[in-house]
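Text of protein-v5.cif, listed as mmCIF, N, CA, C and O atoms:
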data_target
loop_
_atom_site.label_atom_id
_atom_site.label_comp_id
_atom_site.auth_asym_id
_atom_site.auth_seq_id
_atom_site.Cartn_x
_atom_site.Cartn_y
_atom_site.Cartn_z
N MET O 1 -1.48 -19.43 3.46
CA MET O 1 -0.46 -20.24 2.85
C MET O 1 -0.64 -20.32 1.34
O MET O 1 0.31 -20.30 0.60
N ASP O 2 -1.89 -20.39 0.87
CA ASP O 2 -2.15 -20.42 -0.56
C ASP O 2 -1.66 -19.14 -1.23
O ASP O 2 -1.19 -19.18 -2.37
N GLU O 3 -1.80 -18.01 -0.53
CA GLU O 3 -1.36 -16.74 -1.09
C GLU O 3 0.15 -16.73 -1.28
O GLU O 3 0.65 -16.25 -2.31
N ALA O 4 0.89 -17.27 -0.31
CA ALA O 4 2.35 -17.33 -0.43
C ALA O 4 2.75 -18.23 -1.59
O ALA O 4 3.67 -17.91 -2.35
N ARG O 5 2.05 -19.34 -1.77
CA ARG O 5 2.34 -20.23 -2.90
C ARG O 5 2.07 -19.54 -4.22
O ARG O 5 2.81 -19.72 -5.19
N ALA O 6 1.01 -18.75 -4.28
CA ALA O 6 0.68 -18.03 -5.51
C ALA O 6 1.79 -17.04 -5.87
O ALA O 6 2.18 -16.92 -7.03
N VAL O 7 2.34 -16.36 -4.86
CA VAL O 7 3.44 -15.42 -5.09
C VAL O 7 4.66 -16.17 -5.61
O VAL O 7 5.29 -15.75 -6.59
N MET O 8 4.99 -17.27 -4.98
CA MET O 8 6.17 -18.05 -5.41
C MET O 8 5.97 -18.59 -6.83
O MET O 8 6.89 -18.54 -7.65
N HIS O 9 4.79 -19.06 -7.12
CA HIS O 9 4.50 -19.58 -8.46
C HIS O 9 4.62 -18.46 -9.50
O HIS O 9 5.18 -18.65 -10.58
N ARG O 10 4.13 -17.27 -9.17
CA ARG O 10 4.20 -16.14 -10.09
C ARG O 10 5.65 -15.74 -10.34
O ARG O 10 6.04 -15.44 -11.46
N LEU O 11 6.47 -15.73 -9.28
CA LEU O 11 7.89 -15.41 -9.45
C LEU O 11 8.58 -16.42 -10.37
O LEU O 11 9.37 -16.05 -11.24
N GLU O 12 8.26 -17.69 -10.17
CA GLU O 12 8.83 -18.73 -11.03
C GLU O 12 8.39 -18.53 -12.48
O GLU O 12 9.18 -18.70 -13.40
N ARG O 13 7.13 -18.18 -12.66
CA ARG O 13 6.61 -17.95 -14.02
C ARG O 13 7.33 -16.78 -14.68
O ARG O 13 7.69 -16.83 -15.85
N ILE O 14 7.53 -15.70 -13.94
CA ILE O 14 8.22 -14.53 -14.48
C ILE O 14 9.65 -14.90 -14.87
O ILE O 14 10.13 -14.52 -15.95
N GLU O 15 10.33 -15.65 -14.02
CA GLU O 15 11.69 -16.09 -14.35
C GLU O 15 11.72 -16.94 -15.61
O GLU O 15 12.59 -16.78 -16.46
N ALA O 16 10.75 -17.84 -15.74
CA ALA O 16 10.69 -18.69 -16.93
C ALA O 16 10.43 -17.85 -18.18
O ALA O 16 11.05 -18.08 -19.23
N LEU O 17 9.53 -16.90 -18.07
CA LEU O 17 9.25 -16.04 -19.21
C LEU O 17 10.47 -15.21 -19.62
O LEU O 17 10.73 -15.02 -20.81
N GLU O 18 11.23 -14.74 -18.63
CA GLU O 18 12.46 -14.01 -18.94
C GLU O 18 13.45 -14.89 -19.68
O GLU O 18 14.06 -14.46 -20.65
N ARG O 19 13.60 -16.13 -19.21
CA ARG O 19 14.52 -17.06 -19.88
C ARG O 19 14.09 -17.33 -21.31
O ARG O 19 14.92 -17.52 -22.19
N GLU O 20 12.77 -17.36 -21.53
CA GLU O 20 12.24 -17.65 -22.86
C GLU O 20 12.23 -16.42 -23.76
O GLU O 20 11.85 -16.52 -24.93
N GLY O 21 12.61 -15.26 -23.23
CA GLY O 21 12.67 -14.05 -24.03
C GLY O 21 11.32 -13.38 -24.25
O GLY O 21 11.09 -12.76 -25.28
N ALA O 22 10.44 -13.50 -23.27
CA ALA O 22 9.11 -12.89 -23.38
C ALA O 22 9.23 -11.38 -23.55
O ALA O 22 10.17 -10.76 -23.06
N GLY O 23 8.25 -10.81 -24.19
CA GLY O 23 8.24 -9.37 -24.41
C GLY O 23 7.82 -8.60 -23.17
O GLY O 23 7.26 -9.16 -22.23
N PRO O 24 8.07 -7.30 -23.20
CA PRO O 24 7.75 -6.47 -22.04
C PRO O 24 6.27 -6.46 -21.67
O PRO O 24 5.93 -6.44 -20.50
N ARG O 25 5.41 -6.49 -22.65
CA ARG O 25 3.97 -6.46 -22.37
C ARG O 25 3.55 -7.69 -21.56
O ARG O 25 2.79 -7.59 -20.59
N GLN O 26 4.07 -8.85 -21.94
CA GLN O 26 3.73 -10.08 -21.23
C GLN O 26 4.33 -10.08 -19.83
O GLN O 26 3.67 -10.46 -18.86
N LEU O 27 5.57 -9.60 -19.70
CA LEU O 27 6.20 -9.54 -18.38
C LEU O 27 5.48 -8.55 -17.47
O LEU O 27 5.26 -8.84 -16.28
N LEU O 28 5.08 -7.41 -18.00
CA LEU O 28 4.36 -6.44 -17.18
C LEU O 28 3.02 -6.97 -16.69
O LEU O 28 2.61 -6.70 -15.56
N ALA O 29 2.36 -7.74 -17.52
CA ALA O 29 1.09 -8.36 -17.09
C ALA O 29 1.35 -9.28 -15.90
O ALA O 29 0.56 -9.31 -14.95
N GLU O 30 2.44 -10.02 -15.95
CA GLU O 30 2.78 -10.92 -14.84
C GLU O 30 3.16 -10.13 -13.60
O GLU O 30 2.82 -10.51 -12.47
N VAL O 31 3.87 -9.02 -13.77
CA VAL O 31 4.25 -8.18 -12.63
C VAL O 31 3.01 -7.59 -11.98
O VAL O 31 2.92 -7.55 -10.76
N ARG O 32 2.05 -7.16 -12.80
CA ARG O 32 0.79 -6.65 -12.23
C ARG O 32 0.13 -7.71 -11.34
O ARG O 32 -0.33 -7.41 -10.24
N GLU O 33 0.08 -8.93 -11.84
CA GLU O 33 -0.51 -10.02 -11.06
C GLU O 33 0.31 -10.32 -9.82
O GLU O 33 -0.24 -10.61 -8.75
N LEU O 34 1.63 -10.25 -9.94
CA LEU O 34 2.50 -10.47 -8.78
C LEU O 34 2.21 -9.45 -7.69
O LEU O 34 2.11 -9.79 -6.51
N LEU O 35 2.06 -8.19 -8.07
CA LEU O 35 1.75 -7.16 -7.08
C LEU O 35 0.39 -7.42 -6.42
O LEU O 35 0.25 -7.30 -5.20
N ARG O 36 -0.60 -7.81 -7.22
CA ARG O 36 -1.92 -8.11 -6.67
C ARG O 36 -1.85 -9.30 -5.70
O ARG O 36 -2.40 -9.26 -4.60
N GLU O 37 -1.15 -10.34 -6.12
CA GLU O 37 -1.03 -11.53 -5.27
C GLU O 37 -0.20 -11.25 -4.02
O GLU O 37 -0.49 -11.78 -2.94
N GLY O 38 0.81 -10.41 -4.16
CA GLY O 38 1.62 -10.03 -3.00
C GLY O 38 0.79 -9.28 -1.97
O GLY O 38 0.92 -9.51 -0.76
N GLU O 39 -0.06 -8.39 -2.44
CA GLU O 39 -0.94 -7.66 -1.52
C GLU O 39 -1.91 -8.62 -0.82
O GLU O 39 -2.14 -8.48 0.38
N ALA O 40 -2.44 -9.58 -1.55
CA ALA O 40 -3.36 -10.56 -0.94
C ALA O 40 -2.63 -11.38 0.12
O ALA O 40 -3.17 -11.66 1.19
N TRP O 41 -1.39 -11.75 -0.16
CA TRP O 41 -0.59 -12.52 0.79
C TRP O 41 -0.36 -11.72 2.07
O TRP O 41 -0.52 -12.23 3.18
N LEU O 42 0.02 -10.45 1.91
CA LEU O 42 0.29 -9.62 3.09
C LEU O 42 -0.96 -9.40 3.93
O LEU O 42 -0.86 -9.23 5.14
N GLU O 43 -2.12 -9.41 3.31
CA GLU O 43 -3.37 -9.25 4.08
C GLU O 43 -3.64 -10.46 4.97
O GLU O 43 -4.25 -10.33 6.02
N THR O 44 -3.16 -11.63 4.56
CA THR O 44 -3.41 -12.83 5.35
C THR O 44 -2.28 -13.16 6.31
O THR O 44 -2.51 -13.82 7.31
N GLU O 45 -1.07 -12.72 6.01
CA GLU O 45 0.12 -13.03 6.82
C GLU O 45 0.68 -11.73 7.38
O GLU O 45 1.51 -11.11 6.75
N ARG O 46 0.28 -11.33 8.53
CA ARG O 46 0.74 -10.07 9.11
C ARG O 46 2.08 -10.19 9.83
O ARG O 46 2.90 -9.30 9.76
N ASP O 47 2.31 -11.29 10.52
CA ASP O 47 3.52 -11.42 11.34
C ASP O 47 4.74 -11.74 10.48
O ASP O 47 4.70 -12.62 9.62
N GLY O 48 5.80 -11.00 10.70
CA GLY O 48 7.07 -11.27 10.02
C GLY O 48 7.10 -10.91 8.55
O GLY O 48 7.92 -11.43 7.81
N THR O 49 6.23 -10.01 8.14
CA THR O 49 6.17 -9.65 6.71
C THR O 49 6.61 -8.21 6.45
O THR O 49 6.38 -7.69 5.37
N ASP O 50 7.27 -7.59 7.42
CA ASP O 50 7.66 -6.19 7.25
C ASP O 50 8.55 -5.98 6.03
O ASP O 50 8.33 -5.06 5.24
N ARG O 51 9.54 -6.84 5.87
CA ARG O 51 10.45 -6.69 4.72
C ARG O 51 9.71 -6.92 3.41
O ARG O 51 9.94 -6.22 2.43
N ALA O 52 8.83 -7.90 3.39
CA ALA O 52 8.05 -8.16 2.19
C ALA O 52 7.13 -6.99 1.88
O ALA O 52 6.98 -6.60 0.71
N ALA O 53 6.53 -6.42 2.90
CA ALA O 53 5.65 -5.26 2.69
C ALA O 53 6.43 -4.08 2.14
O ALA O 53 5.96 -3.40 1.21
N ASP O 54 7.63 -3.86 2.67
CA ASP O 54 8.47 -2.78 2.15
C ASP O 54 8.85 -3.02 0.69
O ASP O 54 8.80 -2.11 -0.13
N ALA O 55 9.24 -4.24 0.38
CA ALA O 55 9.61 -4.58 -1.00
C ALA O 55 8.43 -4.43 -1.93
O ALA O 55 8.56 -3.90 -3.04
N LEU O 56 7.26 -4.87 -1.50
CA LEU O 56 6.06 -4.75 -2.32
C LEU O 56 5.72 -3.28 -2.57
O LEU O 56 5.38 -2.90 -3.68
N GLU O 57 5.86 -2.46 -1.55
CA GLU O 57 5.59 -1.04 -1.72
C GLU O 57 6.57 -0.42 -2.72
O GLU O 57 6.17 0.32 -3.61
N ARG O 58 7.86 -0.75 -2.59
CA ARG O 58 8.86 -0.24 -3.54
C ARG O 58 8.56 -0.70 -4.95
O ARG O 58 8.68 0.07 -5.91
N CYS O 59 8.19 -1.94 -5.10
CA CYS O 59 7.87 -2.47 -6.43
C CYS O 59 6.65 -1.77 -7.02
O CYS O 59 6.64 -1.44 -8.21
N GLY O 60 5.64 -1.57 -6.21
CA GLY O 60 4.44 -0.88 -6.69
C GLY O 60 4.76 0.54 -7.12
O GLY O 60 4.30 1.00 -8.17
N LEU O 61 5.55 1.24 -6.33
CA LEU O 61 5.94 2.61 -6.69
C LEU O 61 6.78 2.63 -7.96
O LEU O 61 6.58 3.48 -8.83
N ALA O 62 7.70 1.69 -8.08
CA ALA O 62 8.54 1.61 -9.28
C ALA O 62 7.69 1.26 -10.49
O ALA O 62 7.88 1.83 -11.57
N TYR O 63 6.76 0.36 -10.32
CA TYR O 63 5.87 -0.02 -11.43
C TYR O 63 5.08 1.21 -11.89
O TYR O 63 4.99 1.48 -13.08
N ASP O 64 4.53 1.94 -10.93
CA ASP O 64 3.75 3.13 -11.26
C ASP O 64 4.61 4.19 -11.95
O ASP O 64 4.12 4.90 -12.82
N ALA O 65 5.89 4.26 -11.57
CA ALA O 65 6.79 5.23 -12.17
C ALA O 65 7.40 4.74 -13.48
O ALA O 65 8.05 5.49 -14.19
N GLY O 66 7.23 3.44 -13.77
CA GLY O 66 7.76 2.88 -15.02
C GLY O 66 9.23 2.56 -14.97
O GLY O 66 9.91 2.59 -16.00
N VAL O 67 9.76 2.25 -13.79
CA VAL O 67 11.17 1.86 -13.67
C VAL O 67 11.29 0.49 -13.04
O VAL O 67 10.38 0.02 -12.37
N ALA O 68 12.42 -0.16 -13.24
CA ALA O 68 12.67 -1.48 -12.65
C ALA O 68 13.21 -1.30 -11.24
O ALA O 68 14.22 -0.63 -11.05
N PRO O 69 12.56 -1.89 -10.23
CA PRO O 69 13.02 -1.76 -8.84
C PRO O 69 14.18 -2.68 -8.53
O PRO O 69 14.37 -3.70 -9.17
N MET O 70 14.95 -2.28 -7.54
CA MET O 70 16.00 -3.14 -6.99
C MET O 70 15.45 -3.69 -5.69
O MET O 70 15.37 -2.98 -4.70
N VAL O 71 15.01 -4.93 -5.70
CA VAL O 71 14.39 -5.55 -4.51
C VAL O 71 15.42 -6.23 -3.66
O VAL O 71 16.34 -6.80 -4.09
#
I need this file expressed as structure tokens, please.
Amino acid sequence: MDEARAVMHRLERIEALEREGAGPRQLLAEVRELLREGEAWLETERDGTDRAADALERCGLAYDAGVAPMV
């Protein structure tokens, strides 16, 4: 449950930074942490996380390729 809260908190932080006009370097640092926290969440919550796992994989691939994913 703590892992899911961390993911939600990180998403809220990213949204706030976007509203505030944060630069790409700061946003990418948050996205890196979001991916790490998302992976930790999926390790603890196996049931009913197929869609989240797929989205996380797409985001990780897009991040590695340097493009913005459509989640």
Residues of chain O in helix (DSSP H, G or I), written as a VMD selection string: chain O and resid 2 to 19 24 to 44 50 to 65
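For the set O:Leu27, O:Asp2, O:Arg58, O:Ala53, the residue with the smallest atom-to-atom gap to Ile14 in chain O is O:Leu27, counting all atoms listed in the file.
For the file shown, the residue list from the PyMOL selection byres (((chain O and resi 41-45 and name CA) around 12) and name CA) reads O:Met1, O:Asp2, O:Glu3, O:Ala4, O:Arg5, O:Ala6, O:Val7, O:Met8, O:Leu34, O:Leu35, O:Arg36, O:Glu37, O:Gly38, O:Glu39, O:Ala40, O:Arg46, O:Asp47, O:Gly48, O:Thr49, O:Asp50, O:Arg51, O:Ala52, O:Ala53, O:Asp54, O:Ala55, O:Leu56, O:Glu57.
Coordinates place CA of Arg13 in chain O at a distance of 11.3 Å from atom O of Glu33 in chain O.
Relative to atom N of Glu30 in chain O, CA of Ala62 in chain O is found at 14.7 Å.
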